[in-house]
Amino acid sequence: MAIATRQILEKKVLIAGEWTESESGERFDVRSPGDGSLIGSVPRCTEKDVQHAIDAAKVAQKQLAALSVKRRAELLWRASEIATRRAEEDSVLLCREVGKTIREARDEVATYSNPHFVEAAEGIKRFRGLINPSTQEDSNDKRLLITHEPIGVVGVISPWNWPADIPNIAASHALAAGNAVILKPASTTPFSAIALAEIYEEAGFPRGSISVVTGPGATVGAELVRNPGTNAISFTGEIETGEEITRQAGIKRLLLEMGGNGPLVIMDDANIGAAVDAAITGCFYLAGQVCTASERILVHEPIHDDFVERLVARTKQLRVGNPLDEATDMGPLNNAANAAKVTAHLEDARSRGGRFLTGGGWDGLYFEPTVVDGVTSDFLMAREETFGPVAPIMTFRTVDEAIEIANETRYGLQGAAFTSDLRTAFVLGEGIRCGTVLINETNNYWDQLAPFGGRNKSGLGRELSDWILAELTEVKQISIDIAKVR
């Protein structure tokens with residue numbers, strides 16, 4: 001049964017501790033990809049709005065940094081309590097604006113986004129510096145204190161596929177470390193970021209330490225990036241945008257996650273049933289619109305027919321439909337631009353002789369779960385990120401060939417492999433050039449206390465836990481000669 005909701009939202013942005021309209025007075029509509037219905041509207045911010053948010057953030061950042069670590073952790077725990085109270089409401093809203101199923105939306109809010117409040121609160125308590133003896137002295141009188149200080153104002157430019165989880169990774173840890181945060185969400189999914197700002201405001205963070213500005217990336221996002229008042233930018237999105245950020249940002253800290261073309265390698269000694277389960281999750285979770293998705297399934301020749309037969313049977317069982325319906329397995333794509341890219345990849349596969357074993361059709365933003373066999377390295381879907389519900393099947397003869405195919409990409413975010421042999425697991429784990437390689441697990445698996453990030457064109461830096469705290473702080477050395485103290 002579908003959840004009934006038709007509430008029209010007229011939200012404002014949070015700048016300098018005030019919920020306000022843009023200085024332009026303009027707004028833009030946001031529609032649900034599920035049925036095209038109007039969700040509501042938000043302000044179309046300008047560069048002046050961004051500057052106002054930055055000016056306030058610089059003042060508030062000093063106030064937040066002056067709070068004890070204990071107090072910042074208490075504020076984050078309070079935010080967690082508020083987020084838990086409103087989790088169902090925020091899940092429904094996220095489902096409406098993204099198009100992911102209500103079960104996937106609840107998963108994002110309750111399993112991933114909301115726990116970041118507590119992870120950051122407890123993580124900052126354990127994020128310690130060092131005290132070392134000097135290595136340049138004959139005596140033992142000098143001490144080197146290695147400390148971490150807030151980096152300043154952090155701009156968080158987040159994508160439409162995980163509009164609560166991804167910005168909250170950066171926001172929670174940045175605030176925990178004593179930084180101010182300015183959220184800039186994707187224009188198709190602004191309401192989840194506004195919900196985060198509401199949570200932080202209600203929790204009692206200093207006015208101006210958390211802001212949210214909505215509007216076009218070419219103006220609002222670009223101003224956040226190039227403005228000298230921001231000290232760090234956390235960005236998740238496409239390679240081309242990330243490369244433009246590196247050109248515009250100047251000398252400031254950049255944390256970039258720019259997608260993937262993840263391989264899933266299935267060896268002939270693999271647990272085939274478990275590998276099929278992994279491929280279903282890897283290819284069709286959120287209709288394939290995940291940066292860590294199984295974008296290429298590399299199957300060992302001896303088990304090709306068995307694996308593909310089982311995968312096709314499972315794929316045909318998936319229910320595509322209204323994302324608010326509890327029984328739906330897969331909803332629509334989020335936007336027309338992504339639908340055009342997926343369409344181009346499917347048409348390219350047809351033109352190159354790919355065998356469509358199931359699916360291959362679409363109606364508007366709703367695409368059928370698709371399995372394409374006979375994919376080779378010259379296919380568009382083998383070279384680039386499809387970001388849609390497609391399982392491209394490639395074959396290989398040897399482990400070395402599998403690794404070679406897996407690495408035929410400009411990406412390097414998250415790979416996976418199935419094997420029952422420990423030596424093969426190490427060969428694949430060490431040979432596949434990705435920031436993370438998962439053995440006997442789906443590509444869409446994320447440990448929230450492990451470093452997450454990519455190699456090659458997939459990004460710069462690492463998110464989550466101590467790794468993101470290190471990205472969003474400055475390391476300082478303080479040298480003290482204790483022999484010279486009176």
# chains A, B, ... in the order shown; residues from 1 in each chain; ligands from 1
$ residues_around --residues "region 4-19 of chain A" --least-positions-apart "3" --cutoff "10 Å" --atoms "only C-alpha atoms" --output "mmCIF file with C-alpha atoms, in the first residue's frame"
data_model
loop_
_atom_site.group_PDB
_atom_site.id
_atom_site.type_symbol
_atom_site.label_atom_id
_atom_site.label_comp_id
_atom_site.auth_asym_id
_atom_site.auth_seq_id
_atom_site.Cartn_x
_atom_site.Cartn_y
_atom_site.Cartn_z
ATOM 1 C CA MET A 1 0.000 0.000 0.000
ATOM 2 C CA SER A 22 16.778 34.925 -1.241
ATOM 3 C CA ARG A 27 11.912 30.770 -5.975
ATOM 4 C CA ASP A 29 9.627 24.499 -7.919
ATOM 5 C CA VAL A 30 10.653 20.967 -7.006
ATOM 6 C CA SER A 37 3.594 16.139 -8.657
ATOM 7 C CA LEU A 38 4.669 19.410 -7.069
ATOM 8 C CA ILE A 39 6.486 18.877 -3.772
ATOM 9 C CA GLY A 40 7.002 22.570 -3.137
ATOM 10 C CA SER A 41 9.409 25.407 -3.783
ATOM 11 C CA VAL A 42 12.587 26.898 -2.322
ATOM 12 C CA PRO A 43 14.449 30.201 -2.775
ATOM 13 C CA ARG A 44 16.688 30.705 -5.784
ATOM 14 C CA CYS A 45 19.723 32.053 -3.973
ATOM 15 C CA ASP A 49 23.166 35.168 -0.310
ATOM 16 C CA VAL A 50 26.252 32.966 -0.282
ATOM 17 C CA GLN A 51 28.427 35.886 0.820
ATOM 18 C CA HIS A 52 25.985 36.680 3.626
ATOM 19 C CA ALA A 53 26.126 33.041 4.781
ATOM 20 C CA ILE A 54 29.937 33.048 4.658
ATOM 21 C CA ASP A 55 30.226 36.303 6.622
ATOM 22 C CA ALA A 56 27.985 34.915 9.361
ATOM 23 C CA ALA A 57 29.742 31.537 9.308
ATOM 24 C CA VAL A 59 31.828 34.756 13.110
ATOM 25 C CA ALA A 60 29.904 31.681 14.265
ATOM 26 C CA VAL A 92 8.790 10.195 3.254
ATOM 27 C CA LEU A 93 10.058 13.589 2.131
ATOM 28 C CA ARG A 96 9.251 12.021 -2.713
ATOM 29 C CA ILE A 182 27.211 25.909 4.549
ATOM 30 C CA LEU A 183 25.089 23.288 2.788
ATOM 31 C CA PRO A 190 16.807 20.499 -1.599
ATOM 32 C CA PHE A 191 14.349 19.529 1.119
ATOM 33 C CA ALA A 193 19.325 19.370 3.317
ATOM 34 C CA ILE A 194 16.849 21.899 4.691
ATOM 35 C CA ALA A 195 15.645 19.175 7.077
ATOM 36 C CA ALA A 197 19.593 22.410 8.890
ATOM 37 C CA GLU A 198 16.346 22.361 10.895
ATOM 38 C CA GLU A 201 19.239 24.597 14.494
ATOM 39 C CA PHE A 205 24.266 25.053 17.414
ATOM 40 C CA PRO A 206 25.414 28.713 17.360
ATOM 41 C CA ARG A 207 23.504 30.934 14.947
ATOM 42 C CA GLY A 208 25.297 31.033 11.618
ATOM 43 C CA SER A 209 27.358 27.899 12.240
ATOM 44 C CA ILE A 210 25.015 25.939 9.963
ATOM 45 C CA SER A 211 23.455 27.462 6.847
ATOM 46 C CA VAL A 212 21.727 26.083 3.767
ATOM 47 C CA VAL A 213 21.548 27.881 0.418
ATOM 48 C CA THR A 214 19.559 26.565 -2.554
ATOM 49 C CA LEU A 324 5.827 5.379 -1.886
ATOM 50 C CA ASP A 325 4.356 1.857 -2.196
#
$ select_by_dssp --residues "region 306-437 of chain A" --states "strand (DSSP E)" --output "list in words"
Arg355, Phe356, Leu357, Thr358, Trp362, Asp363, Tyr366, Phe367, Thr370, Val371, Val372, Asp373, Val390, Ala391, Pro392, Ile393, Met394, Thr395, Phe396, Gln414, Gly415, Ala416, Ala417, Phe418, Thr436 and Val437 of chain A
$ atom_distance --atom1 "CA of Ile272 (chain A)" --atom2 "CA of Arg310 (chain A)"
8.6 Å
$ closest_atom_pairs --of "region 327-409 of chain A" --to "region 453-461 of chain A" --cutoff "12 Å" --atoms "only C-alpha atoms" --output "Markdown table"
| residue | atom | partner | partner_atom | distance |
| --- | --- | --- | --- | --- |
| A:Glu384 | CA | A:Lys457 | CA | 11.5 |
| A:Glu385 | CA | A:Ser458 | CA | 10.8 |
| A:Asn407 | CA | A:Asn456 | CA | 10.4 |
| A:Glu408 | CA | A:Asn456 | CA | 11.5 |
| A:Thr409 | CA | A:Asn456 | CA | 9.0 |
$ atom_distance --atom1 "CA of Pro451 (chain A)" --atom2 "CA of Glu257 (chain A)"
12.4 Å
$ residues_around --residues "region 136-145 of chain A" --least-positions-apart "4" --cutoff "12 Å" --atoms "only C-alpha atoms" --output "MDAnalysis selection string"
chainID A and resid 128:132 475:485
$ select_by_dssp --residues "region 311-438 of chain A" --states "helix (DSSP H, G or I)" --output "VMD selection string"
chain A and resid 311 to 316 336 to 351 380 to 383 399 to 406 422 to 431
$ residues_around --residues "Asp269 (chain A)" --least-positions-apart "5" --cutoff "9 Å" --atoms "only C-alpha atoms" --output "mmCIF file with C-alpha atoms, in the first residue's frame"
data_model
loop_
_atom_site.group_PDB
_atom_site.id
_atom_site.type_symbol
_atom_site.label_atom_id
_atom_site.label_comp_id
_atom_site.auth_asym_id
_atom_site.auth_seq_id
_atom_site.Cartn_x
_atom_site.Cartn_y
_atom_site.Cartn_z
ATOM 1 C CA ILE A 303 30.238 -20.337 -14.596
ATOM 2 C CA PHE A 418 33.578 -13.268 -5.107
ATOM 3 C CA THR A 419 35.898 -16.212 -4.558
ATOM 4 C CA SER A 420 36.361 -19.068 -2.088
ATOM 5 C CA ASP A 421 40.147 -19.026 -2.386
#
$ closest_residue --among "A:Glu47, A:Ser113, A:Ile403, A:Val312" --to "Phe426 (chain A)" --atoms "only C-alpha atoms"
A:Ile403
$ atom_distance --atom1 "CA of Phe117 (chain A)" --atom2 "CA of Pro167 (chain A)"
11.8 Å
$ closest_residue --among "A:Leu175, A:Ser377, A:Leu286, A:Gln448" --to "Asn114 (chain A)" --atoms "only C-alpha atoms"
A:Gln448
$ residues_around --residues "Val342 (chain A)" --least-positions-apart "3" --cutoff "7 Å" --atoms "only C-alpha atoms" --output "compact mmCIF listing (two decimals) with N, CA and C atoms, in the first residue's frame"
# COMPACT_ATOMS: atom_id res chain seq x y z
N ASN A 338 19.79 12.44 -16.15
CA ASN A 338 20.33 11.11 -15.90
C ASN A 338 19.64 10.08 -16.78
N ALA A 339 18.34 10.24 -17.00
CA ALA A 339 17.62 9.32 -17.88
C ALA A 339 18.20 9.35 -19.28
N HIS A 345 23.44 4.94 -23.01
CA HIS A 345 24.22 3.73 -22.76
C HIS A 345 23.51 2.49 -23.28
N LEU A 346 22.18 2.44 -23.10
CA LEU A 346 21.41 1.29 -23.60
C LEU A 346 21.43 1.25 -25.12
N THR A 386 27.19 4.39 -15.81
CA THR A 386 25.84 4.42 -16.37
C THR A 386 24.85 5.10 -15.44
N PHE A 387 24.93 4.79 -14.16
CA PHE A 387 24.06 5.38 -13.13
C PHE A 387 22.59 5.06 -13.39
N GLY A 388 22.35 3.81 -13.75
CA GLY A 388 20.99 3.36 -13.99
C GLY A 388 20.88 1.88 -13.72
$ residues_around --residues "region 253-255 of chain A" --least-positions-apart "5" --cutoff "7 Å" --atoms "only C-alpha atoms" --output "list of chain:residue names"
A:Asn231, A:Ala232, A:Ile233, A:Ser234, A:Phe235, A:Leu460, A:Gly461
$ write_last_selection --atoms "C-alpha atoms" --output "compact mmCIF listing (two decimals), in the first residue's frame"
# COMPACT_ATOMS: atom_id res chain seq x y z
CA ASN A 231 38.39 27.20 3.79
CA ALA A 232 37.32 23.77 2.55
CA ILE A 233 34.89 22.26 0.05
CA SER A 234 33.32 18.83 0.33
CA PHE A 235 31.83 17.84 -3.02
CA LEU A 460 40.51 13.20 -3.52
CA GLY A 461 40.61 12.48 0.21
$ closest_atom_pairs --of "region 262-320 of chain A" --to "region 153-163 of chain A" --cutoff "10 Å" --atoms "only C-alpha atoms" --output "JSON lines"
{"residue": "A:Leu286", "atom": "CA", "partner": "A:Asn161", "partner_atom": "CA", "distance": 8.1}
{"residue": "A:Gln289", "atom": "CA", "partner": "A:Asn161", "partner_atom": "CA", "distance": 6.6}
{"residue": "A:Val290", "atom": "CA", "partner": "A:Asn161", "partner_atom": "CA", "distance": 6.9}
{"residue": "A:Cys291", "atom": "CA", "partner": "A:Asn161", "partner_atom": "CA", "distance": 9.0}
$ closest_residue --among "A:Gly353, A:Pro150, A:Gly123, A:Gly282" --to "Pro389 (chain A)" --atoms "only C-alpha atoms"
A:Gly282
$ residues_around --residues "region 82-84 of chain A" --least-positions-apart "2" --cutoff "9 Å" --atoms "only C-alpha atoms" --output "MDAnalysis selection string"
chainID A and resid 77:80 86:88 90 109:110 114 117 196 199:200 202:203
$ closest_residue --among "A:Thr230, A:Thr147, A:Thr328, A:Ser351" --to "Gly250 (chain A)" --atoms "only C-alpha atoms"
A:Thr230
$ closest_residue --among "A:Glu149, A:Glu119, A:Asp268, A:Glu326" --to "Thr398 (chain A)" --atoms "only C-alpha atoms"
A:Asp268
